[in-house]
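K.L.:
Structure: entry-v9.pdb, PDB, C-alpha atoms, pLDDT in the B column.
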ATOM      1  CA  MET A   1      23.182 -10.780  11.809  1.00 51.00           C
ATOM      2  CA  GLU A   2      20.237 -12.926  12.805  1.00 59.00           C
ATOM      3  CA  ASN A   3      18.674 -15.350  10.376  1.00 83.00           C
ATOM      4  CA  VAL A   4      15.062 -14.188  10.605  1.00 94.00           C
ATOM      5  CA  SER A   5      12.366 -16.454   9.210  1.00 96.00           C
ATOM      6  CA  ASN A   6       8.893 -15.488   8.085  1.00 97.00           C
ATOM      7  CA  GLN A   7       7.469 -17.589  10.910  1.00 97.00           C
ATOM      8  CA  GLN A   8       9.461 -15.543  13.447  1.00 97.00           C
ATOM      9  CA  ILE A   9       7.915 -12.371  12.010  1.00 98.00           C
ATOM     10  CA  ILE A  10       4.407 -13.856  12.239  1.00 97.00           C
ATOM     11  CA  ASP A  11       5.038 -15.028  15.805  1.00 97.00           C
ATOM     12  CA  ALA A  12       6.369 -11.611  16.852  1.00 98.00           C
ATOM     13  CA  LEU A  13       3.407  -9.764  15.299  1.00 98.00           C
ATOM     14  CA  GLN A  14       0.818 -12.150  16.741  1.00 97.00           C
ATOM     15  CA  GLY A  15       2.523 -12.027  20.127  1.00 97.00           C
ATOM     16  CA  GLN A  16       2.312  -8.230  20.149  1.00 98.00           C
ATOM     17  CA  PHE A  17      -1.048  -7.637  18.448  1.00 97.00           C
ATOM     18  CA  GLY A  18      -2.891 -10.958  18.728  1.00 96.00           C
ATOM     19  CA  GLU A  19      -3.891 -13.426  16.023  1.00 95.00           C
ATOM     20  CA  GLU A  20      -7.055 -11.466  15.222  1.00 96.00           C
ATOM     21  CA  ALA A  21      -5.012  -8.412  14.155  1.00 96.00           C
ATOM     22  CA  MET A  22      -3.677 -10.184  11.065  1.00 96.00           C
ATOM     23  CA  TYR A  23      -5.306 -12.194   8.317  1.00 96.00           C
ATOM     24  CA  GLY A  24      -4.557 -13.202   4.749  1.00 95.00           C
ATOM     25  CA  ILE A  25      -1.117 -14.410   5.758  1.00 97.00           C
ATOM     26  CA  ALA A  26       0.691 -15.666   2.666  1.00 97.00           C
ATOM     27  CA  GLU A  27       4.121 -15.950   1.157  1.00 97.00           C
ATOM     28  CA  SER A  28       5.164 -15.152  -2.400  1.00 95.00           C
ATOM     29  CA  HIS A  29       8.716 -15.690  -3.623  1.00 95.00           C
ATOM     30  CA  GLY A  30       9.872 -15.856  -0.009  1.00 93.00           C
ATOM     31  CA  ILE A  31       8.258 -12.531   0.942  1.00 97.00           C
ATOM     32  CA  LEU A  32       5.773 -12.636   3.791  1.00 98.00           C
ATOM     33  CA  GLN A  33       2.475 -10.851   3.142  1.00 98.00           C
ATOM     34  CA  VAL A  34      -0.001  -9.970   5.877  1.00 98.00           C
ATOM     35  CA  THR A  35      -3.175  -7.919   5.972  1.00 98.00           C
ATOM     36  CA  THR A  36      -4.283  -5.911   8.968  1.00 98.00           C
ATOM     37  CA  GLU A  37      -6.846  -3.276   9.899  1.00 97.00           C
ATOM     38  CA  VAL A  38      -6.250   0.463   9.558  1.00 98.00           C
ATOM     39  CA  GLU A  39      -6.120   1.004  13.328  1.00 97.00           C
ATOM     40  CA  HIS A  40      -3.191  -1.447  13.620  1.00 98.00           C
ATOM     41  CA  ILE A  41      -0.962  -0.153  10.823  1.00 98.00           C
ATOM     42  CA  VAL A  42       0.929   2.626  12.635  1.00 98.00           C
ATOM     43  CA  PRO A  43       1.532   0.664  15.872  1.00 98.00           C
ATOM     44  CA  MET A  44       2.525  -2.384  13.806  1.00 98.00           C
ATOM     45  CA  LEU A  45       5.040  -0.423  11.730  1.00 98.00           C
ATOM     46  CA  HIS A  46       6.488   1.165  14.893  1.00 98.00           C
ATOM     47  CA  PHE A  47       6.785  -2.274  16.503  1.00 98.00           C
ATOM     48  CA  LEU A  48       8.583  -3.718  13.467  1.00 98.00           C
ATOM     49  CA  TYR A  49      10.870  -0.682  13.256  1.00 98.00           C
ATOM     50  CA  GLN A  50      11.874  -0.789  16.933  1.00 98.00           C
ATOM     51  CA  HIS A  51      12.042  -4.575  17.332  1.00 98.00           C
ATOM     52  CA  PRO A  52      15.585  -5.470  18.497  1.00 97.00           C
ATOM     53  CA  VAL A  53      15.868  -8.419  16.099  1.00 97.00           C
ATOM     54  CA  LEU A  54      13.490  -7.769  13.174  1.00 97.00           C
ATOM     55  CA  LYS A  55      14.547  -4.133  12.519  1.00 97.00           C
ATOM     56  CA  PHE A  56      12.238  -3.295   9.589  1.00 98.00           C
ATOM     57  CA  GLN A  57      13.648   0.216   9.317  1.00 98.00           C
ATOM     58  CA  PHE A  58      13.417   0.817   5.585  1.00 98.00           C
ATOM     59  CA  LEU A  59      10.202   1.551   3.690  1.00 98.00           C
ATOM     60  CA  THR A  60      11.006   0.372   0.176  1.00 98.00           C
ATOM     61  CA  ASP A  61       7.670   1.395  -1.283  1.00 98.00           C
ATOM     62  CA  LEU A  62       4.107   2.274  -0.450  1.00 98.00           C
ATOM     63  CA  GLY A  63       1.444   1.944  -3.096  1.00 97.00           C
ATOM     64  CA  GLY A  64      -2.274   2.288  -3.558  1.00 98.00           C
ATOM     65  CA  ILE A  65      -4.533  -0.398  -5.008  1.00 98.00           C
ATOM     66  CA  HIS A  66      -8.147  -0.475  -6.184  1.00 97.00           C
ATOM     67  CA  PHE A  67     -10.463  -3.489  -6.210  1.00 97.00           C
ATOM     68  CA  PRO A  68     -13.906  -2.149  -7.201  1.00 95.00           C
ATOM     69  CA  GLU A  69     -15.596  -5.527  -6.625  1.00 95.00           C
ATOM     70  CA  ALA A  70     -14.481  -5.761  -2.975  1.00 96.00           C
ATOM     71  CA  LYS A  71     -17.363  -3.893  -1.339  1.00 97.00           C
ATOM     72  CA  GLY A  72     -16.221  -2.039   1.767  1.00 96.00           C
ATOM     73  CA  GLN A  73     -12.558  -2.687   0.932  1.00 97.00           C
ATOM     74  CA  GLU A  74     -12.254  -1.116  -2.501  1.00 98.00           C
ATOM     75  CA  LEU A  75      -9.083   0.871  -1.846  1.00 98.00           C
ATOM     76  CA  GLY A  76      -5.938  -0.321  -0.165  1.00 98.00           C
ATOM     77  CA  VAL A  77      -2.359   0.520   0.688  1.00 98.00           C
ATOM     78  CA  ILE A  78       0.548  -1.897   0.532  1.00 98.00           C
ATOM     79  CA  TYR A  79       3.620  -1.151   2.644  1.00 98.00           C
ATOM     80  CA  HIS A  80       6.819  -2.795   1.356  1.00 98.00           C
ATOM     81  CA  LEU A  81       9.237  -3.046   4.275  1.00 98.00           C
ATOM     82  CA  HIS A  82      12.842  -4.215   4.303  1.00 98.00           C
ATOM     83  CA  SER A  83      15.051  -5.219   7.187  1.00 97.00           C
ATOM     84  CA  LEU A  84      18.433  -4.323   5.740  1.00 96.00           C
ATOM     85  CA  GLU A  85      20.295  -5.912   8.611  1.00 95.00           C
ATOM     86  CA  ASN A  86      18.479  -9.251   8.194  1.00 96.00           C
ATOM     87  CA  ASN A  87      17.892  -8.983   4.431  1.00 95.00           C
ATOM     88  CA  VAL A  88      14.215  -9.840   4.894  1.00 97.00           C
ATOM     89  CA  ARG A  89      11.237  -8.213   3.198  1.00 97.00           C
ATOM     90  CA  LEU A  90       7.631  -7.900   4.333  1.00 98.00           C
ATOM     91  CA  TRP A  91       4.437  -6.593   2.731  1.00 98.00           C
ATOM     92  CA  ILE A  92       1.638  -5.305   4.928  1.00 98.00           C
ATOM     93  CA  LYS A  93      -1.725  -4.525   3.345  1.00 98.00           C
ATOM     94  CA  ILE A  94      -4.693  -2.541   4.627  1.00 98.00           C
ATOM     95  CA  TYR A  95      -8.051  -1.876   2.964  1.00 98.00           C
ATOM     96  CA  VAL A  96     -10.589   0.945   3.306  1.00 98.00           C
ATOM     97  CA  PRO A  97     -14.001   1.680   1.800  1.00 98.00           C
ATOM     98  CA  ILE A  98     -14.017   3.993  -1.198  1.00 97.00           C
ATOM     99  CA  GLU A  99     -16.596   6.188   0.577  1.00 97.00           C
ATOM    100  CA  LYS A 100     -14.119   6.873   3.403  1.00 97.00           C
ATOM    101  CA  PRO A 101     -10.595   6.388   2.032  1.00 98.00           C
ATOM    102  CA  GLU A 102      -8.782   7.538   5.170  1.00 98.00           C
ATOM    103  CA  VAL A 103      -5.514   6.049   6.389  1.00 98.00           C
ATOM    104  CA  PRO A 104      -3.087   7.470   8.994  1.00 98.00           C
ATOM    105  CA  THR A 105       0.166   8.837   7.630  1.00 98.00           C
ATOM    106  CA  VAL A 106       3.442   7.087   8.438  1.00 98.00           C
ATOM    107  CA  THR A 107       5.608  10.105   7.600  1.00 98.00           C
ATOM    108  CA  GLY A 108       6.490  10.413  11.292  1.00 97.00           C
ATOM    109  CA  LEU A 109       8.244   7.046  11.126  1.00 98.00           C
ATOM    110  CA  PHE A 110       9.459   6.980   7.516  1.00 98.00           C
ATOM    111  CA  ALA A 111      10.312  10.323   5.912  1.00 97.00           C
ATOM    112  CA  THR A 112      10.286   8.576   2.527  1.00 96.00           C
ATOM    113  CA  ALA A 113       6.557   7.951   2.941  1.00 98.00           C
ATOM    114  CA  ASN A 114       5.926  11.626   2.203  1.00 98.00           C
ATOM    115  CA  TRP A 115       6.071  11.446  -1.590  1.00 97.00           C
ATOM    116  CA  MET A 116       4.790   7.861  -1.694  1.00 98.00           C
ATOM    117  CA  GLU A 117       1.637   8.847   0.180  1.00 98.00           C
ATOM    118  CA  ARG A 118       1.199  11.874  -2.054  1.00 98.00           C
ATOM    119  CA  GLU A 119       1.374   9.601  -5.091  1.00 98.00           C
ATOM    120  CA  ALA A 120      -1.241   7.204  -3.645  1.00 98.00           C
ATOM    121  CA  PHE A 121      -3.452  10.216  -2.911  1.00 97.00           C
ATOM    122  CA  ASP A 122      -2.910  11.648  -6.386  1.00 97.00           C
ATOM    123  CA  PHE A 123      -3.708   8.449  -8.277  1.00 96.00           C
ATOM    124  CA  TYR A 124      -6.182   6.667  -5.971  1.00 97.00           C
ATOM    125  CA  GLY A 125      -7.657   9.376  -3.739  1.00 97.00           C
ATOM    126  CA  ILE A 126      -6.465   7.765  -0.506  1.00 98.00           C
ATOM    127  CA  ILE A 127      -6.388  10.428   2.206  1.00 98.00           C
ATOM    128  CA  PHE A 128      -3.431  10.096   4.573  1.00 98.00           C
ATOM    129  CA  GLU A 129      -4.573  11.780   7.766  1.00 98.00           C
ATOM    130  CA  GLY A 130      -1.866  13.865   9.405  1.00 98.00           C
ATOM    131  CA  HIS A 131       0.253  14.121   6.252  1.00 98.00           C
ATOM    132  CA  PRO A 132       2.276  17.365   6.283  1.00 97.00           C
ATOM    133  CA  ASN A 133       1.520  18.328   2.647  1.00 96.00           C
ATOM    134  CA  LEU A 134      -1.069  16.068   1.027  1.00 96.00           C
ATOM    135  CA  ILE A 135      -1.349  17.594  -2.429  1.00 95.00           C
ATOM    136  CA  ARG A 136      -1.053  16.085  -5.889  1.00 95.00           C
ATOM    137  CA  ILE A 137       2.476  15.199  -6.867  1.00 94.00           C
ATOM    138  CA  LEU A 138       2.312  14.189 -10.550  1.00 93.00           C
ATOM    139  CA  ASN A 139      -1.077  15.329 -11.867  1.00 92.00           C
ATOM    140  CA  VAL A 140      -2.366  18.885 -12.115  1.00 92.00           C
ATOM    141  CA  GLU A 141      -3.968  20.302  -8.969  1.00 91.00           C
ATOM    142  CA  ASP A 142      -7.345  21.032 -10.563  1.00 91.00           C
ATOM    143  CA  MET A 143      -7.911  17.415 -11.621  1.00 90.00           C
ATOM    144  CA  ASP A 144     -11.202  16.233 -10.129  1.00 90.00           C
ATOM    145  CA  TYR A 145     -10.611  12.487 -10.403  1.00 89.00           C
ATOM    146  CA  HIS A 146      -7.993   9.873  -9.543  1.00 92.00           C
ATOM    147  CA  PRO A 147      -6.736   8.235 -12.745  1.00 91.00           C
ATOM    148  CA  MET A 148      -5.585   4.843 -11.407  1.00 92.00           C
ATOM    149  CA  ARG A 149      -8.992   3.896 -10.078  1.00 92.00           C
ATOM    150  CA  LYS A 150     -10.692   1.275 -12.192  1.00 90.00           C
ATOM    151  CA  GLU A 151     -13.670   3.533 -12.873  1.00 85.00           C
ATOM    152  CA  TYR A 152     -12.983   4.340 -16.497  1.00 75.00           C
ATOM    153  CA  PRO A 153     -12.942   2.260 -19.708  1.00 70.00           C
ATOM    154  CA  LEU A 154      -9.514   1.084 -20.780  1.00 70.00           C
ATOM    155  CA  GLU A 155      -9.901   2.585 -24.218  1.00 69.00           C
ATOM    156  CA  ASP A 156     -12.071   5.059 -26.026  1.00 68.00           C
ATOM    157  CA  ALA A 157     -14.889   3.153 -27.752  1.00 69.00           C
ATOM    158  CA  THR A 158     -15.559   6.121 -30.037  1.00 73.00           C
ATOM    159  CA  ARG A 159     -12.179   5.908 -31.769  1.00 69.00           C
ATOM    160  CA  HIS A 160     -12.262   4.601 -35.319  1.00 70.00           C
ATOM    161  CA  ASP A 161      -8.551   4.708 -36.088  1.00 72.00           C
ATOM    162  CA  LYS A 162      -7.849   1.245 -34.664  1.00 69.00           C
ATOM    163  CA  ILE A 163      -8.029  -1.999 -36.561  1.00 71.00           C
ATOM    164  CA  ASP A 164      -9.575  -4.616 -34.259  1.00 69.00           C
ATOM    165  CA  GLU A 165      -7.689  -7.499 -35.923  1.00 72.00           C
ATOM    166  CA  LEU A 166      -4.384  -5.987 -34.820  1.00 71.00           C
ATOM    167  CA  PHE A 167      -5.540  -6.143 -31.203  1.00 67.00           C
ATOM    168  CA  GLY A 168      -6.752  -9.764 -31.264  1.00 66.00           C
ATOM    169  CA  ARG A 169     -10.432  -8.880 -31.527  1.00 63.00           C
TER     170      ARG A 169
END
Transcribe the structure of this file into structure tokens.
P.N.:
Amino acid sequence: MENVSNQQIIDALQGQFGEEAMYGIAESHGILQVTTEVEHIVPMLHFLYQHPVLKFQFLTDLGGIHFPEAKGQELGVIYHLHSLENNVRLWIKIYVPIEKPEVPTVTGLFATANWMEREAFDFYGIIFEGHPNLIRILNVEDMDYHPMRKEYPLEDATRHDKIDELFGR
């Protein structure tokens, strides 16, 4: 087992894709976080999967995110990768405009991405191009909105059965 450092991961990615392919490089609790563009995500995941030392061959999670204030990058996907052999984790983020929330599927590389991508589609409306069965997974099919988007008030202002003092107001 190699002792892989976050700097080795950065060096390998920049060596393969160039420094301009990654930005927002950070570390939180020892986990490397990088952001890339949509066109780099599939080749980058394939590279990390097939790398003879890094071996990021397990997709722990894939989740959608919504930042309504970030014009042109309102929706995003975070890929949580794990190299089981090296016991190293990595988060890769991509962002897309809410007007065109299209991201390529990674189900060809990670079978587990199937339901994860369906969930991100269901709750955020992110369209995973090439997905084998991109339909809602938890909400009813005839729903015409995506409930995890920050487009709705957090509570119903017309309700009168709440006592404001109990909620710190």
K.L.:
If the PyMOL selection byres ((chain A and resi 71) around 12) is run on the structure shown, which residues does it catch, given as a list of chain:residue names?
P.N.:
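Applied to this file, the PyMOL selection byres ((chain A and resi 71) around 12) selects A:His66, A:Phe67, A:Pro68, A:Glu69, A:Ala70, A:Gly72, A:Gln73, A:Glu74, A:Leu75, A:Tyr95, A:Val96, A:Pro97, A:Ile98, A:Glu99.
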K.L.:
Mind giving me the straight-line distance from atom CA of A:Lys100 to atom CA of A:Tyr124 in Å, one decimal?
P.N.:
12.3 Å
K.L.:
Would you translate the PyMOL selection byres ((chain A and resi 31) around 9) into the concrete set of residues it matches in this file, as a count of residues only?
P.N.:
12
K.L.:
Give me, please, the distance in Å between atom CA of A:Val34 and atom CA of A:Lys55, quoted to one decimal.
P.N.:
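These atoms are spaced 17.0 Å apart.
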K.L.:
Any idea what's packed within 12 Å of stretch 146-152 of chain A, counting only C-alpha atoms, ignoring anything in its chain fewer than 3 positions away? Could you give it as a ChimeraX atom specification?
P.N.:
/A:63-69,74-76,98,119-127,136,138-143,155-157
K.L.:
Could you jot down the atom CA of A:Glu102 to atom CA of A:His131 separation for me, Å, one decimal place?
P.N.:
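Here the two named atoms are 11.2 Å from each other.
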K.L.:
For stretch 9-16 of chain A, list every protein, DNA or RNA residue within 9 Å, evaluated using all atoms listed in the file, and leave out those in the same chain fewer than 2 positions away; present the list as a PDB file with C-alpha atoms, keeping the file's coordinate frame.
P.N.:
ATOM      1  CA  VAL A   4      15.062 -14.188  10.605  1.00 94.00           C
ATOM      2  CA  SER A   5      12.366 -16.454   9.210  1.00 96.00           C
ATOM      3  CA  ASN A   6       8.893 -15.488   8.085  1.00 97.00           C
ATOM      4  CA  GLN A   7       7.469 -17.589  10.910  1.00 97.00           C
ATOM      5  CA  GLY A  18      -2.891 -10.958  18.728  1.00 96.00           C
ATOM      6  CA  GLU A  19      -3.891 -13.426  16.023  1.00 95.00           C
ATOM      7  CA  GLU A  20      -7.055 -11.466  15.222  1.00 96.00           C
ATOM      8  CA  ALA A  21      -5.012  -8.412  14.155  1.00 96.00           C
ATOM      9  CA  MET A  22      -3.677 -10.184  11.065  1.00 96.00           C
ATOM     10  CA  ILE A  25      -1.117 -14.410   5.758  1.00 97.00           C
ATOM     11  CA  LEU A  32       5.773 -12.636   3.791  1.00 98.00           C
ATOM     12  CA  VAL A  34      -0.001  -9.970   5.877  1.00 98.00           C
ATOM     13  CA  MET A  44       2.525  -2.384  13.806  1.00 98.00           C
ATOM     14  CA  PHE A  47       6.785  -2.274  16.503  1.00 98.00           C
ATOM     15  CA  LEU A  48       8.583  -3.718  13.467  1.00 98.00           C
ATOM     16  CA  LEU A  54      13.490  -7.769  13.174  1.00 97.00           C
ATOM     17  CA  LEU A  90       7.631  -7.900   4.333  1.00 98.00           C
TER      18      LEU A  90
END
K.L.:
Taking the file above as input, evaluate the PyMOL selection byres ((chain A and resi 115) around 10) and report the hits as a count of residues only.
P.N.:
17
K.L.:
I'd like the contact shell of A:Thr60 - 7 Å cut-off, only C-alpha atoms, skipping same-chain residues fewer than 2 positions apart - returned as a PyMOL selection string.
P.N.:
chain A and resi 58+80-82
K.L.:
Keeping only C-alpha atoms, write the selected residues as a compact mmCIF listing (two decimals), in the frame of the given file.
P.N.:
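Saved to part18.txt:
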# COMPACT_ATOMS: atom_id res chain seq x y z
CA PHE A 58 13.42 0.82 5.58
CA HIS A 80 6.82 -2.80 1.36
CA LEU A 81 9.24 -3.05 4.28
CA HIS A 82 12.84 -4.22 4.30
